[in-house]
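Take a look at the structure below.
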Amino acid sequence: MSQTFSEETHRNLLSHIPNCTGREIGDWLRTVDDGPAFLRFEEKVSWLRSEHDLSYGHAKAIVHEYDLRRAARRLG
């Protein structure tokens with residue numbers, strides 16, 4: 001079951017990822033970009049969780065941020 005996070009919760013999760021994982025957000029976004037070409041959001045989240053041992057919240061925040069930035073690049 002998917003959870004919907006508020007923008008504030010999303011930003012809060014992102015701010016904690018470097019301390020919790022030892023990697024910056026940019027590193028995680030490149031990991032998603034270089035990873036398998038999954039089409040579905042939840043497939044990407046599941047891959048990050050299983051391959052990189054992330055919590056559901058952190059994996060979801062990373063994939064959501066990845067999608068937001070990718071959409072912004074398309075519009076720009």
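In the structure tokens, chains take the letters A, B, ... in the order shown, each chain's residues start at 1, and ligands count up from 1 in the order shown.
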
Exercise: Thr4 of chain A partners within 12 Å, only C-alpha atoms, chain neighbours under 2 positions left out, as a VMD selection string: chain A and resid 1 to 2 6 to 10 56 to 57 60 to 61 64

query: Could you pull out the helix (DSSP H, G or I) residues of segment 18-76 of chain A from DSSP and send them as a VMD selection string?
result: chain A and resid 18 to 21 25 to 34 41 to 52 56 to 75

task: Write out as a list of chain:residue names the residues lying within 10 Å of Trp47 of chain A, counting only C-alpha atoms and excluding same-chain residues fewer than 6 positions away.
output: A:Val32, A:Gly35, A:Pro36, A:Phe38, A:Asp53, A:Leu54, A:Ala59

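The gap separating atom CA of Lys44 of chain A from atom CA of Arg30 of chain A is 12.9 Å, in Å to one decimal.
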
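Remark: for Arg11 of chain A, the closest of the candidate residues A:Ser55, A:Arg40, A:Ile25, A:Arg74 is A:Ile25 (distances computed over only C-alpha atoms).
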